[in-house]
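What follows is the content of work-v6.cif (mmCIF, C-alpha atoms, pLDDT in the B column; chains and numbers go by the auth columns).
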data_upload
loop_
_atom_site.group_PDB
_atom_site.id
_atom_site.type_symbol
_atom_site.label_atom_id
_atom_site.label_comp_id
_atom_site.label_asym_id
_atom_site.label_seq_id
_atom_site.Cartn_x
_atom_site.Cartn_y
_atom_site.Cartn_z
_atom_site.B_iso_or_equiv
_atom_site.auth_seq_id
_atom_site.auth_asym_id
ATOM 1 C CA MET A 1 -170.711 -8.721 -28.264 91.00 1 A
ATOM 2 C CA ARG A 2 -171.242 -10.545 -24.982 94.00 2 A
ATOM 3 C CA GLY A 3 -169.184 -13.290 -23.414 96.00 3 A
ATOM 4 C CA ILE A 4 -169.252 -15.874 -20.682 96.00 4 A
ATOM 5 C CA VAL A 5 -166.118 -16.909 -18.839 96.00 5 A
ATOM 6 C CA PHE A 6 -166.798 -20.483 -17.779 97.00 6 A
ATOM 7 C CA ASP A 7 -164.403 -22.227 -15.405 96.00 7 A
ATOM 8 C CA LEU A 8 -164.103 -23.919 -12.052 96.00 8 A
ATOM 9 C CA PRO A 9 -165.162 -21.748 -9.086 95.00 9 A
ATOM 10 C CA HIS A 10 -161.648 -21.331 -7.662 94.00 10 A
ATOM 11 C CA VAL A 11 -160.356 -20.163 -11.063 91.00 11 A
ATOM 12 C CA LEU A 12 -163.010 -17.456 -11.330 94.00 12 A
ATOM 13 C CA THR A 13 -162.044 -15.806 -8.033 92.00 13 A
ATOM 14 C CA GLY A 14 -159.611 -13.387 -9.688 89.00 14 A
ATOM 15 C CA ALA A 15 -161.487 -12.996 -12.952 93.00 15 A
ATOM 16 C CA SER A 16 -163.759 -10.135 -11.847 91.00 16 A
ATOM 17 C CA ASP A 17 -160.798 -7.840 -11.249 93.00 17 A
ATOM 18 C CA VAL A 18 -159.294 -8.693 -14.636 94.00 18 A
ATOM 19 C CA LEU A 19 -162.595 -8.043 -16.421 95.00 19 A
ATOM 20 C CA GLN A 20 -163.096 -4.779 -14.536 95.00 20 A
ATOM 21 C CA ARG A 21 -159.618 -3.527 -15.496 96.00 21 A
ATOM 22 C CA ALA A 22 -160.399 -4.439 -19.114 96.00 22 A
ATOM 23 C CA GLY A 23 -163.667 -2.487 -18.927 96.00 23 A
ATOM 24 C CA VAL A 24 -165.889 -5.390 -20.027 96.00 24 A
ATOM 25 C CA THR A 25 -167.844 -6.296 -16.881 95.00 25 A
ATOM 26 C CA ASP A 26 -171.052 -4.922 -18.392 96.00 26 A
ATOM 27 C CA ARG A 27 -170.907 -7.468 -21.204 96.00 27 A
ATOM 28 C CA CYS A 28 -169.179 -10.439 -19.621 96.00 28 A
ATOM 29 C CA GLU A 29 -170.680 -12.968 -17.229 95.00 29 A
ATOM 30 C CA LEU A 30 -168.784 -15.345 -14.961 97.00 30 A
ATOM 31 C CA VAL A 31 -170.250 -18.851 -14.707 97.00 31 A
ATOM 32 C CA ALA A 32 -168.776 -21.546 -12.478 97.00 32 A
ATOM 33 C CA GLY A 33 -168.866 -25.188 -13.492 97.00 33 A
ATOM 34 C CA SER A 34 -166.993 -28.117 -14.975 97.00 34 A
ATOM 35 C CA PHE A 35 -166.833 -28.830 -18.689 97.00 35 A
ATOM 36 C CA PHE A 36 -166.957 -32.519 -17.789 97.00 36 A
ATOM 37 C CA GLU A 37 -170.532 -32.029 -16.548 97.00 37 A
ATOM 38 C CA THR A 38 -172.155 -29.273 -18.590 96.00 38 A
ATOM 39 C CA VAL A 39 -171.407 -26.144 -20.598 97.00 39 A
ATOM 40 C CA PRO A 40 -173.668 -23.059 -20.701 97.00 40 A
ATOM 41 C CA PRO A 41 -175.982 -23.590 -23.696 96.00 41 A
ATOM 42 C CA GLY A 42 -176.964 -21.416 -26.627 91.00 42 A
ATOM 43 C CA ALA A 43 -173.926 -19.273 -27.443 96.00 43 A
ATOM 44 C CA ASP A 44 -172.957 -18.502 -31.030 97.00 44 A
ATOM 45 C CA ALA A 45 -169.354 -19.587 -30.463 98.00 45 A
ATOM 46 C CA TYR A 46 -167.432 -21.578 -27.875 98.00 46 A
ATOM 47 C CA ILE A 47 -163.703 -20.948 -27.566 98.00 47 A
ATOM 48 C CA LEU A 48 -161.423 -23.378 -25.749 98.00 48 A
ATOM 49 C CA LYS A 49 -157.768 -22.340 -25.618 97.00 49 A
ATOM 50 C CA SER A 50 -155.155 -24.875 -24.582 93.00 50 A
ATOM 51 C CA ILE A 51 -157.772 -27.159 -23.049 95.00 51 A
ATOM 52 C CA ILE A 52 -158.001 -30.278 -25.194 95.00 52 A
ATOM 53 C CA HIS A 53 -154.240 -30.849 -25.246 91.00 53 A
ATOM 54 C CA ASP A 54 -154.293 -31.293 -21.449 90.00 54 A
ATOM 55 C CA TRP A 55 -156.307 -34.507 -21.723 94.00 55 A
ATOM 56 C CA ASP A 56 -156.145 -37.973 -23.231 94.00 56 A
ATOM 57 C CA ASP A 57 -158.613 -38.912 -25.964 95.00 57 A
ATOM 58 C CA ALA A 58 -161.319 -40.241 -23.610 97.00 58 A
ATOM 59 C CA ALA A 59 -161.372 -37.102 -21.450 96.00 59 A
ATOM 60 C CA SER A 60 -161.102 -34.836 -24.509 97.00 60 A
ATOM 61 C CA LEU A 61 -164.070 -36.607 -26.048 98.00 61 A
ATOM 62 C CA ALA A 62 -166.076 -36.114 -22.827 98.00 62 A
ATOM 63 C CA ILE A 63 -165.341 -32.373 -22.954 98.00 63 A
ATOM 64 C CA LEU A 64 -166.269 -32.143 -26.634 98.00 64 A
ATOM 65 C CA ARG A 65 -169.518 -34.041 -26.043 98.00 65 A
ATOM 66 C CA CYS A 66 -170.509 -31.593 -23.289 98.00 66 A
ATOM 67 C CA CYS A 67 -169.740 -28.768 -25.692 98.00 67 A
ATOM 68 C CA ARG A 68 -171.785 -30.471 -28.414 98.00 68 A
ATOM 69 C CA ALA A 69 -174.789 -30.644 -26.088 97.00 69 A
ATOM 70 C CA ALA A 70 -174.537 -26.846 -25.639 98.00 70 A
ATOM 71 C CA VAL A 71 -173.651 -25.661 -29.158 98.00 71 A
ATOM 72 C CA PRO A 72 -176.811 -24.811 -31.126 97.00 72 A
ATOM 73 C CA SER A 73 -177.358 -25.527 -34.786 95.00 73 A
ATOM 74 C CA GLY A 74 -175.404 -22.825 -36.594 96.00 74 A
ATOM 75 C CA GLY A 75 -173.016 -22.408 -33.666 97.00 75 A
ATOM 76 C CA ARG A 76 -169.254 -22.845 -33.765 98.00 76 A
ATOM 77 C CA LEU A 77 -166.638 -24.534 -31.624 98.00 77 A
ATOM 78 C CA LEU A 78 -163.194 -22.950 -31.841 98.00 78 A
ATOM 79 C CA LEU A 79 -160.207 -24.723 -30.352 98.00 79 A
ATOM 80 C CA VAL A 80 -156.988 -22.750 -30.005 98.00 80 A
ATOM 81 C CA GLU A 81 -154.314 -25.424 -29.885 94.00 81 A
ATOM 82 C CA HIS A 82 -151.151 -26.624 -31.546 91.00 82 A
ATOM 83 C CA VAL A 83 -151.699 -28.832 -34.579 91.00 83 A
ATOM 84 C CA LEU A 84 -148.819 -31.203 -35.105 77.00 84 A
ATOM 85 C CA LYS A 85 -147.147 -31.262 -38.503 79.00 85 A
ATOM 86 C CA PRO A 86 -146.459 -34.596 -40.236 70.00 86 A
ATOM 87 C CA VAL A 87 -143.830 -36.727 -38.501 71.00 87 A
ATOM 88 C CA ASN A 88 -141.056 -35.953 -41.007 72.00 88 A
ATOM 89 C CA GLU A 89 -141.358 -32.171 -40.630 67.00 89 A
ATOM 90 C CA PRO A 90 -139.610 -30.175 -37.888 64.00 90 A
ATOM 91 C CA ASP A 91 -142.187 -28.952 -35.388 72.00 91 A
ATOM 92 C CA PRO A 92 -141.573 -27.062 -32.116 72.00 92 A
ATOM 93 C CA ALA A 93 -145.002 -28.309 -30.942 72.00 93 A
ATOM 94 C CA ARG A 94 -143.407 -31.751 -30.472 65.00 94 A
ATOM 95 C CA PHE A 95 -141.796 -30.382 -27.282 62.00 95 A
ATOM 96 C CA SER A 96 -145.217 -29.346 -26.013 69.00 96 A
ATOM 97 C CA ASP A 97 -146.492 -32.805 -26.952 64.00 97 A
ATOM 98 C CA LEU A 98 -143.814 -34.412 -24.788 66.00 98 A
ATOM 99 C CA ASN A 99 -144.545 -31.987 -21.928 66.00 99 A
ATOM 100 C CA MET A 100 -148.295 -32.720 -22.067 65.00 100 A
ATOM 101 C CA LEU A 101 -147.634 -36.463 -22.018 69.00 101 A
ATOM 102 C CA VAL A 102 -145.234 -36.367 -19.081 64.00 102 A
ATOM 103 C CA MET A 103 -146.954 -33.719 -16.944 73.00 103 A
ATOM 104 C CA LEU A 104 -150.671 -34.221 -17.590 72.00 104 A
ATOM 105 C CA GLY A 105 -151.206 -37.369 -19.630 71.00 105 A
ATOM 106 C CA GLY A 106 -152.457 -35.212 -22.503 79.00 106 A
ATOM 107 C CA ARG A 107 -151.073 -34.665 -25.964 82.00 107 A
ATOM 108 C CA GLU A 108 -150.843 -32.418 -28.965 84.00 108 A
ATOM 109 C CA ARG A 109 -152.679 -33.791 -32.003 92.00 109 A
ATOM 110 C CA THR A 110 -152.534 -33.844 -35.770 92.00 110 A
ATOM 111 C CA GLU A 111 -155.342 -32.602 -37.999 94.00 111 A
ATOM 112 C CA GLU A 112 -156.452 -36.206 -38.528 95.00 112 A
ATOM 113 C CA GLU A 113 -156.584 -36.832 -34.772 95.00 113 A
ATOM 114 C CA TYR A 114 -158.737 -33.731 -34.252 97.00 114 A
ATOM 115 C CA GLN A 115 -160.939 -34.918 -37.117 97.00 115 A
ATOM 116 C CA ARG A 116 -161.520 -38.274 -35.359 97.00 116 A
ATOM 117 C CA LEU A 117 -162.296 -36.599 -32.015 97.00 117 A
ATOM 118 C CA PHE A 118 -164.751 -34.224 -33.660 98.00 118 A
ATOM 119 C CA GLN A 119 -166.511 -37.016 -35.529 98.00 119 A
ATOM 120 C CA ALA A 120 -166.917 -39.011 -32.324 98.00 120 A
ATOM 121 C CA ALA A 121 -168.428 -35.930 -30.623 98.00 121 A
ATOM 122 C CA ASP A 122 -170.815 -35.124 -33.530 98.00 122 A
ATOM 123 C CA PHE A 123 -168.866 -32.146 -34.830 98.00 123 A
ATOM 124 C CA ARG A 124 -167.549 -31.516 -38.333 98.00 124 A
ATOM 125 C CA LEU A 125 -164.045 -30.117 -38.747 98.00 125 A
ATOM 126 C CA GLU A 126 -164.591 -27.065 -40.946 98.00 126 A
ATOM 127 C CA ARG A 127 -161.134 -25.571 -41.203 97.00 127 A
ATOM 128 C CA ILE A 128 -157.787 -25.075 -39.562 97.00 128 A
ATOM 129 C CA ILE A 129 -156.684 -21.463 -39.415 97.00 129 A
ATOM 130 C CA PRO A 130 -152.979 -20.719 -38.917 94.00 130 A
ATOM 131 C CA THR A 131 -152.063 -17.681 -36.840 95.00 131 A
ATOM 132 C CA HIS A 132 -148.885 -15.642 -36.408 94.00 132 A
ATOM 133 C CA SER A 133 -148.360 -17.426 -33.111 90.00 133 A
ATOM 134 C CA PRO A 134 -147.510 -21.070 -32.390 86.00 134 A
ATOM 135 C CA PHE A 135 -151.251 -21.727 -32.015 92.00 135 A
ATOM 136 C CA THR A 136 -153.831 -22.649 -34.607 95.00 136 A
ATOM 137 C CA VAL A 137 -157.580 -22.060 -34.570 98.00 137 A
ATOM 138 C CA ILE A 138 -159.494 -25.261 -35.268 98.00 138 A
ATOM 139 C CA GLU A 139 -163.087 -24.562 -36.275 98.00 139 A
ATOM 140 C CA ALA A 140 -165.848 -27.137 -35.965 98.00 140 A
ATOM 141 C CA THR A 141 -169.627 -27.092 -36.390 98.00 141 A
ATOM 142 C CA PRO A 142 -172.356 -29.404 -35.089 98.00 142 A
ATOM 143 C CA VAL A 143 -173.333 -32.323 -37.312 96.00 143 A
#
Let me see whether you can do it: turn the structure in this file into structure tokens.
Amino acid sequence: MRGIVFDLPHVLTGASDVLQRAGVTDRCELVAGSFFETVPPGADAYILKSIIHDWDDAASLAILRCCRAAVPSGGRLLLVEHVLKPVNEPDPARFSDLNMLVMLGGRERTEEEYQRLFQAADFRLERIIPTHSPFTVIEATPV
């Protein structure tokens, strides 16, 4: 397995040391850039953890569209995010939702809201995979 760590140049400055300590420098490449402009093309899977919740719908859609331009047919997009439960159910992610709104202008989203974002970016929501953590894996494929 090979991977690409894609982030802004100033974020990547400390990544080499982390990858070296983990013993994966021979199979991991660092690529600088902005997901608002382009994403490295052709990978089998793209994983974005705690990214989409930082942004409002317009910016999130821009990110997803850049990902869609890079994801090949048969590829996967995996978001690792909170998925809000229905309004009547207790949900600790509501505190994160409030924090995202106040601090960044972003938001946590429901399954239906992710579905709408994916459709607008030419992805299909395939499944939502619960984990043993507060996060959920949201899997999408190109349309």
Problem set entry | Evaluate the PyMOL selection byres ((chain A and resi 127) around 9) and report residues as a list in words |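 Selection result, ordered by chain and number: Leu125, Glu126, Ile128, Ile129, Val137, Ile138, Glu139 and Ala140 of chain A.
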Practice prompt. Name the residues that the PyMOL selection byres ((chain A and resi 45) around 8) picks from the file above, as a list in words, using the file's chain letters and numbers.
Written response: Ala43, Asp44, Tyr46, Ile47, Val71, Gly75, Arg76, Leu77 and Leu78 of chain A
Neighbours of point (-170.2, -31.3, -33.4) within 8 Å, using only C-alpha atoms, written as a JSON list (two decimals) with C-alpha atoms, in the coordinates of the input:
[["chain", "number", "residue", "atom", "x", "y", "z"],
["A", 64, "LEU", "CA", -166.27, -32.14, -26.63],
["A", 65, "ARG", "CA", -169.52, -34.04, -26.04],
["A", 68, "ARG", "CA", -171.78, -30.47, -28.41],
["A", 71, "VAL", "CA", -173.65, -25.66, -29.16],
["A", 77, "LEU", "CA", -166.64, -24.53, -31.62],
["A", 118, "PHE", "CA", -164.75, -34.22, -33.66],
["A", 119, "GLN", "CA", -166.51, -37.02, -35.53],
["A", 121, "ALA", "CA", -168.43, -35.93, -30.62],
["A", 122, "ASP", "CA", -170.82, -35.12, -33.53],
["A", 123, "PHE", "CA", -168.87, -32.15, -34.83],
["A", 124, "ARG", "CA", -167.55, -31.52, -38.33],
["A", 140, "ALA", "CA", -165.85, -27.14, -35.97],
["A", 141, "THR", "CA", -169.63, -27.09, -36.39],
["A", 142, "PRO", "CA", -172.36, -29.40, -35.09],
["A", 143, "VAL", "CA", -173.33, -32.32, -37.31]]
Students should find that atom CA of A:Gly74 and atom CA of A:Leu19 are spaced 28.1 Å
Around all the atoms of stretch 59-67 of chain A listed in the file, draw an axis-aligned box and extend it by 6 Å on each of the six sides; I want its centre and edge lengths in Å to one decimal, as AutoDock Vina command-line options.
--center_x -165.8 --center_y -32.9 --center_z -24.0 --size_x 21.4 --size_y 20.3 --size_z 17.2
Original post:
Between A:Asp56, A:Asp7, A:Glu111, A:Asp26, which is the closest to A:Pro40 once you count all atoms listed in the file?
Top reply: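 That would be A:Asp7, the residue with the smallest distance to A:Pro40.
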Next item on the list: Considering only C-alpha atoms, state which residue in the set A:Gly42, A:Pro9, A:Gly14, A:Gly3 is at the smallest distance from A:Glu29.
Entry: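 Ranking A:Gly42, A:Pro9, A:Gly14, A:Gly3 by distance to A:Glu29, first place goes to A:Gly3.
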message = Between A:Thr131, A:Ser73, A:Thr136, A:Gln115, which residue has the minimum interatomic distance to A:Leu61, considering all atoms listed in the file?
response =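 Among A:Thr131, A:Ser73, A:Thr136, A:Gln115, it is A:Gln115 that comes nearest to A:Leu61.
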*Between atom CA of A:Ser34 and atom CA of A:Thr110, measure the distance and give it in Å to one decimal.*
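Atom-to-atom, atom CA of A:Ser34 and atom CA of A:Thr110 are spaced 26.0 Å apart.
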In Å and to one decimal, atom CA of A:Cys28 is distant from atom CA of A:Val5 by 7.2 Å
Give me, as a JSON list (two decimals) with C-alpha atoms, in the frame of the given file, all polymer residues having an atom no more than 12 Å from A:Ala15, counting all atoms listed in the file and skipping those fewer than 3 positions away in the same chain.
[["chain", "number", "residue", "atom", "x", "y", "z"],
["A", 4, "ILE", "CA", -169.25, -15.87, -20.68],
["A", 5, "VAL", "CA", -166.12, -16.91, -18.84],
["A", 6, "PHE", "CA", -166.80, -20.48, -17.78],
["A", 7, "ASP", "CA", -164.40, -22.23, -15.40],
["A", 8, "LEU", "CA", -164.10, -23.92, -12.05],
["A", 9, "PRO", "CA", -165.16, -21.75, -9.09],
["A", 10, "HIS", "CA", -161.65, -21.33, -7.66],
["A", 11, "VAL", "CA", -160.36, -20.16, -11.06],
["A", 12, "LEU", "CA", -163.01, -17.46, -11.33],
["A", 18, "VAL", "CA", -159.29, -8.69, -14.64],
["A", 19, "LEU", "CA", -162.60, -8.04, -16.42],
["A", 20, "GLN", "CA", -163.10, -4.78, -14.54],
["A", 21, "ARG", "CA", -159.62, -3.53, -15.50],
["A", 22, "ALA", "CA", -160.40, -4.44, -19.11],
["A", 24, "VAL", "CA", -165.89, -5.39, -20.03],
["A", 25, "THR", "CA", -167.84, -6.30, -16.88],
["A", 28, "CYS", "CA", -169.18, -10.44, -19.62],
["A", 29, "GLU", "CA", -170.68, -12.97, -17.23],
["A", 30, "LEU", "CA", -168.78, -15.34, -14.96],
["A", 31, "VAL", "CA", -170.25, -18.85, -14.71],
["A", 32, "ALA", "CA", -168.78, -21.55, -12.48]]
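Considering all atoms listed in the file, the residue among A:Leu48, A:Ala69, A:Leu84, A:Ala93 positioned nearest to A:Glu112 is A:Leu84.
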Using all atoms listed in the file, the residue out of A:Thr13, A:Ser133, A:Ser60, A:Thr38 with shortest distance to A:Val83 is A:Ser133
Exercise for review: Would you please work out which residue, of A:Pro72, A:Glu108, A:Cys66, A:Lys49, is nearest to A:Asp91 when using all atoms listed in the file?
Suggested key: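 Using all atoms listed in the file, the shortest distance to A:Asp91 belongs to A:Glu108.
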Assuming the chain letters and numbering stay as they are in my file, what does the PyMOL selection byres ((chain A and resi 59) around 12) actually select? List them as a ChimeraX atom specification.
/A:35-37,51-58,60-66,104-107,117,121
